[in-house]
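Working notes for the structure below.
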Amino acid sequence: MQSWFPENVSTYGGDVDGIFWFIFYIVTVWFFITEGLILYFVFRYRRKPGVKAVYAAGDTWAQLAWVLVPMAIVVVLDLFIDVRSADVWAKVKLQRPNTDFVVHGIGKQFNWEFVYSGVDGKFGTDDDIKTDNELHVPVGKPIQVILMSKDVIHSFFLPHFRLKQDAMPGRNIPVWFEATKTGQFEIPCAELCGFGHSGMKGLLVVHTPEEYQKWYREKTTGSGA
Amino acid sequence: MNEIATDAHAHSDNRSFVSRYVFSTDHKVIAKQYLSLSLFWALLGAGSAYLIRWQIAHPDTEAFGWGYIDPSVYNQLVTMHGTIMVFFVAMPLLLAAFGNFLIPLMVGARDMAFPRLNMLSVWIFALASIVLFASFFMPGGAAAAGWTGYPPLSAKNEYTGGGYGMDLWLLALALEFASFLLGGINFLTTAINMRAPGMTLMRLPVLVWMQLIAAVVFMLSVGPTIAGAILLLLDRNLGTTFYAPDGGGDPLLWQHLFWFFGHPEVYVILLPGLGITLEIIAVFARKPIFAYRPIIYASIIAGFLSFIVWAHHQYLSGMDPRLAMPFSVTTIIISVPFALVIFSIIATLWRSSMVFTTPMLFAVGTLGVFIFGGLTGIFNGSAAVDIYIHDTYFVVAHFHYTLISNVFFAGFGAIYFWFPKMFGRMMNETLGKIHFWLTFAFFNLIFGPMHLVGLGGMMRRIANPTQYDFLKPVEPLNIFITLMAILLILAQIVFVINFFWSLFAGKVAAANPWQANTLEWTTSSPPPHENFAETPVVYRGAYEYSLPGQSEDWLPQNLDLGDNAKAAAH
Amino acid sequence: MALTTNAMTMDRPTEPYGKVGTWWFLSSEIPTFGGVLVAYIVMRLGGTGWAEASQHLNFQIALVNTFILLTSSMTIVQAHNAAQEQDFKRTANYLGLTVVLGLGFLGMKAFEYATEISHGFLPSSGIFWSFYYGMTGLHGLHVVAGIIINLVLWIQAAKGTLAQHSHRVELAGLYWHFVDIVWIFLFPLLYLA
């Protein structure tokens with residue numbers, strides 16, 4: 001079933017998938033136990049002439065134990081899932097990697113604008129590099145994107161990185177990722193943003209460090225278009 | 001033992017059709033009005049589902065029987081499908097129709113506590129229906145910002161290309177909320193104040209408990225959304241800036257106000273569904289409900305917990321990410337009381353004696369389908385996994401498993417089960433079984449594979465997945481799912497035929513065709529205007545099936561066995 | 001047809017149905033107003049410019065209005081007492097007083113709105129004003145509803161038809177107190193903070 005996931009090219013993508021599989025195994029066991037019991041009971045306890053049902057109403061602790069003990073197991077497993085999940089959430093959403101590579105990602109109806117700070121390292125100056133719908137990054141380096149929106153709520157989704165974050169007008173929301181492979185990856189919008197929501201997608205281009213430098217040089221010395 | 005067939009009402013009923021069936025304060029008639037409205041909306045909901053699925057599988061082609069689906073129309077369909085199914089099918093079917101019909105009968109009362117208020121409730125709901133229906137015909141079309149209506153998209157017409165459709169949507173919801181608030185007054189007052197002698201709270205059928213808990217949860221949770229809707233109407237029409245960052249407002253405010261209600265709302269729908277399932281299973285398994293009291297306590301706890309999980313819909317919304325952890329914990333904890341209920345239902349099947357009538361098939365089907373949905377909920381509740389699956393078809397698959405199990409499987413189960421009581425005729429068993437198996441098969445063939453579509457990353461509410469390279473692998477799945485969806489909708493024709501044919505030509509029903517214990521079965525099918533010829537007196541709980549020492553495997557609540565009964569009764 | 005439902009219940013004390021219904025309704029109103037109030041508080045704590053905006057409100061008028069509403073709660077309690085004693089002339093008088101006070105509140109509020117609008121402070125003038133007009137407007141609509149209810153009961157008391165449902169005065173009082181309490185929250189949050 002892992003094959004249904006898009007290929008993971010992110011440093012923490014494996015962690016996210018790992019929680020999925022952790023939950024999957026636990027949940028599959030419960031699935032087979034519960035549905036299996038139902039299926040078995042449905043056949044085993046079909047109405048048969050002369051056979052009466054047993055009046056077991058769960059009145060005694062001995063009977064109730066059959067329900068309470070599995071329930072207690074559910075509690076323990078639930079908390080286990082939560083603890084493991086919390087670590088991964090913290091890694092992706094709460095940590096701020098130490099990186100100087102910051103890009104602004106601005107969602108609008110119906111594409112993304114990406115802004116680099118340019119040579120002077122400051123945003124909002126004349127040497128800022130603006131791209132329409134293309135995010136260029138080098139492989140193997142933590143990238144921070146500050147998400148904004150010009151109009152409605154959009155959502156920055158990198159399926160191959162297992163990253164998603166809503167971009168909300170009025171807020172600057174940081175996300176980070178680090179690519180493990182070069183390539184081109186789509187950046188779909190994942191929050192209904194109007195009649196152009198379908199088809200709103202940017203392109204993430206992950207370069208080797210050399211190719212990235214080449215692209216960056218072209219952008220800073222050229223007209224920046 | 002005897003089935004007590006009560007007499008028709010003592011005085012003759014000279015009222016006209018209009019005053020008997022249109023302007024009626026009789027809870028049974030009101031229930032049927034809600035039932036009719038919910039089934040009408042279910043048709044529209046299914047129709048919108050068909051068009052949505054067509055567009056996804058065969059983008060930008062002409063849908064058979066409709067034509068080309070423009071992207072903004074697509075957004076309207078997606079919005080209205082959700083709105084219709086949650087507020088105009090699930091609520092009126094499970095709560096209003098069956099709650100209204102059954103609560104007075106099950107507690108042994110002649111009608112609801114406030115019959116005229118009850119009539120007002122259904123009239124307000126009818127008005128809400130008209131308003132929502134009208135919204136389709138507004139210039140700019142119906143609302144198109146999702147059933148969740150997030151601003152700024154929903155706050156400014158230029159963002160959606162819509163117009164008054166959105167305002168009418170808000171108005172229709174406000175009216176619907178008012179209708180159900182008024183209805184809730186009746187449910188609670190009737191169940192508390194009008195129980196027959198001997199009907200203690202712990203002898204109430206579990207369905208009544210579930211309706212009460214649902215009514216209380218609804219009543220306490222809907223306020224913030226009403227507030228939010230008013231604020232949105234003000235933003236749209238008076239230029240206030242509650243949700244507009246430029247004016248100092250915050251779009252996130254809507255999300256909190258909406259989901260504070262939105263989450264408890266799904267349990268409002270779920271609890272009556274579970275209640276129906278339990279009632280039907282007890283009757284056809286000939287066994288008492290296992291752990292009746294723990295089930296009730298668990299449901300009350302779940303109702304309470306439902307108020308503190310809401311932001312699991314907002315992990316990625318831009319709210320402080322540290323909030324994800326407490327909400328993850330509460331979300332995962334809420335699975336615990338439901339686990340207890342599910343285990344208890346399974347335990348009810350143990351050593352039972354089951355007959356698979358159509359209602360029983362649907363009840364067991366509800367259980368099986370709901371378990372699957374509940375398990376996929378664990379994935380969604382984990383904030384880490386949600387980073388990937390939020391706003392994908394994995395979520396859609398999850399909530400269709402949990403909602404359809406309760407709304408359609410339990411809803412159909414309820415219709416087949418109580419049809420004899422409501423209409424005095426039996427539905428056709430063969431057609432019913434065919435309906436069940438087709439529905440069960442096609443449902444799973446739609447929403448099972450849909451999980452894989454979600455894992456593939458397909459986002460919600462997009463009209464054309466072929467626009468994305470990374471979604472190529474799920475194309476065949478989408479085409480398959482659409483075909484199954486069309487077949488599922490067509491399979492419902494069996495039900496429609498059965499329903500209408502049985503109304504007029506079904507076998508005449510006895511008072512208690514299922515040999516069930518609860519009070520509604522002690523009166524005629526259908527009951528007379530005042531429900532009971534004389535007030536029932538209750539001697540025991542609702543689930544004394546297969547009681548040792550009894551010659552029959554059932555024991556009605558109102559059967560007086562003399563002093564011996566009291567020792568054995570619950 | 002009359003439902004003799006009371007005859008069907010066990011021998012246990014039950015609340016009159018109308019009272020359960022009224023409390024149910026009020027219980028649903030609390031989260032509604034609560035939602036807006038909590039939203040206001042949270043946004044105000046996190047935002048800027050609210051205090052400056054609220055300076056433009058007329059504290060004196062609001063103070064008078066608070067006094068008016070509190071007095072009207074007292075008059076409706078008197079009306080209820082009178083109704084319990086079956087003195088419907090006094091009931092009518094006190095209900096009438098409550099209606100008049102309610103109208104007075106609305107009148108002052110209308111004057112307040114007019115002044116603010118003439119100074120250019122509209123609902124679209126910013127987030128503080130959105131909340132100000134939104135919350136006081138919502139409250140005002142509830143005051144209107146309460147005045148209508150009290151008016152109907154006043155007329156019935158004056159005509160002598162109130163006797164058969166005299167308990168409704170208590171229910172109207174419950175609603176009116178609720179409206180008053182909401183104002184008690186709104187006043188400091190908007191005018192004093």
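Residue names in the structure tokens use chain letters A, B, ... in the order shown, residue numbers from 1 in each chain, and ligand numbers from 1 in the order shown.
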Residues of chain B near chain A: apply a cut-off of 7 Å, count only C-alpha atoms, and supply the list as a PyMOL selection string. chain B and resi 71-72+75+152-153+159-160+245+286-291+316-318+321+325+328-329+332+336+339-340+343-344+346+349-355+368+375+379+382-385+387-388+391+452+455-457+459+461-464+467+546-547
If we count only C-alpha atoms, what is near Leu37 of chain C at a cut-off of 9 Å, once residues fewer than 6 positions away on the same chain are taken out, given as an MDAnalysis selection string? chainID C and resid 135 185:186 189
Using C-alpha atoms, can you export the residues from the last selection as an mmCIF file, in the first residue's frame?
```
data_model
loop_
_atom_site.group_PDB
_atom_site.id
_atom_site.type_symbol
_atom_site.label_atom_id
_atom_site.label_comp_id
_atom_site.auth_asym_id
_atom_site.auth_seq_id
_atom_site.Cartn_x
_atom_site.Cartn_y
_atom_site.Cartn_z
ATOM 1 C CA MET C 135 -23.015 42.768 19.725
ATOM 2 C CA PHE C 185 -21.435 41.708 30.224
ATOM 3 C CA LEU C 186 -21.508 43.965 27.185
ATOM 4 C CA LEU C 189 -16.449 44.870 27.810
#
```
His56 of chain C environment, 10 Å, only C-alpha atoms, sequence neighbours closer than 2 positions dropped, as a PDB file with C-alpha atoms, in the first residue's frame:
```pdb
ATOM      1  CA  ALA C  51      -8.910  50.961  23.395  1.00  0.00           C
ATOM      2  CA  GLU C  52      -8.618  54.072  21.233  1.00  0.00           C
ATOM      3  CA  ALA C  53     -11.728  53.131  19.308  1.00  0.00           C
ATOM      4  CA  SER C  54     -13.737  52.515  22.443  1.00  0.00           C
ATOM      5  CA  ASN C  58     -20.625  57.478  25.044  1.00  0.00           C
ATOM      6  CA  PHE C  59     -20.092  56.071  28.490  1.00  0.00           C
ATOM      7  CA  GLU C 116     -21.764  57.620  16.347  1.00  0.00           C
ATOM      8  CA  HIS C 119     -19.309  61.111  13.514  1.00  0.00           C
ATOM      9  CA  PHE C 121     -18.219  55.474  12.964  1.00  0.00           C
ATOM     10  CA  TYR C 191     -17.424  50.793  27.449  1.00  0.00           C
TER      11      TYR C 191
END
```
Nearby residues (only C-alpha atoms) at most 12 Å from segment 18-20 of chain B, same-chain spacing under 6 positions excluded, as a compact mmCIF listing (two decimals) with C-alpha atoms, in the first residue's frame:
```
# COMPACT_ATOMS: atom_id res chain seq x y z
CA ASP B 26 -49.72 15.17 15.80
CA HIS B 27 -46.13 14.08 16.33
CA LYS B 28 -46.64 11.10 14.03
CA VAL B 29 -47.72 13.28 11.14
CA ILE B 30 -44.94 15.76 11.83
CA GLN B 33 -43.39 15.42 7.13
CA MET B 119 -45.70 21.99 14.25
CA HIS B 529 -54.30 9.74 16.99
```
Counting only C-alpha atoms, what are the residues of chain B within 7 Å of chain C, and for each of them which pair of atoms is the nearest and at what distance in Å, to one decimal? Sort the table by chain and rising number, as a Markdown table.
```
| residue | atom | partner | partner_atom | distance |
| --- | --- | --- | --- | --- |
| B:Ile185 | CA | C:Gly21 | CA | 5.5 |
| B:Thr189 | CA | C:Tyr17 | CA | 6.6 |
| B:Asn193 | CA | C:Thr14 | CA | 6.2 |
| B:Met194 | CA | C:Thr9 | CA | 5.5 |
| B:Arg195 | CA | C:Thr9 | CA | 5.9 |
| B:Ala196 | CA | C:Thr9 | CA | 5.7 |
| B:Pro197 | CA | C:Met10 | CA | 4.8 |
| B:Met219 | CA | C:Ser28 | CA | 5.3 |
| B:Leu220 | CA | C:Ser28 | CA | 5.5 |
| B:Ser221 | CA | C:Pro31 | CA | 6.9 |
| B:Gly223 | CA | C:Thr32 | CA | 3.6 |
| B:Pro224 | CA | C:Gly35 | CA | 4.5 |
| B:Ile226 | CA | C:Thr32 | CA | 6.3 |
| B:Ala227 | CA | C:Thr32 | CA | 5.4 |
| B:Leu238 | CA | C:Pro123 | CA | 6.6 |
| B:Gly239 | CA | C:Ser124 | CA | 4.6 |
| B:Thr240 | CA | C:Ser124 | CA | 4.3 |
| B:Thr241 | CA | C:Ile127 | CA | 5.4 |
| B:Phe242 | CA | C:Ile127 | CA | 6.1 |
| B:Gly247 | CA | C:Gly126 | CA | 5.0 |
| B:Gly248 | CA | C:Ile127 | CA | 5.1 |
| B:Gly249 | CA | C:Ile127 | CA | 5.8 |
| B:Leu257 | CA | C:Gly35 | CA | 6.9 |
| B:Thr535 | CA | C:Met8 | CA | 6.6 |
```
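Straight-line separation from atom CA of Ala193 of chain C to atom CA of Asp246 of chain B: 23.4 Å.
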For Ile269 of chain B, find every residue with an atom within 8 Å (counting only C-alpha atoms), except residues of its own chain fewer than 6 positions away, and show them as a list of chain:residue names. B:Ala90, B:Met91, B:Leu94, B:Leu95, B:Ala214, B:Leu403, B:Asn406, B:Val407
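Pairwise distance (atom CA of Gly107 of chain A, atom CA of Trp176 of chain A) equals 16.5 Å.
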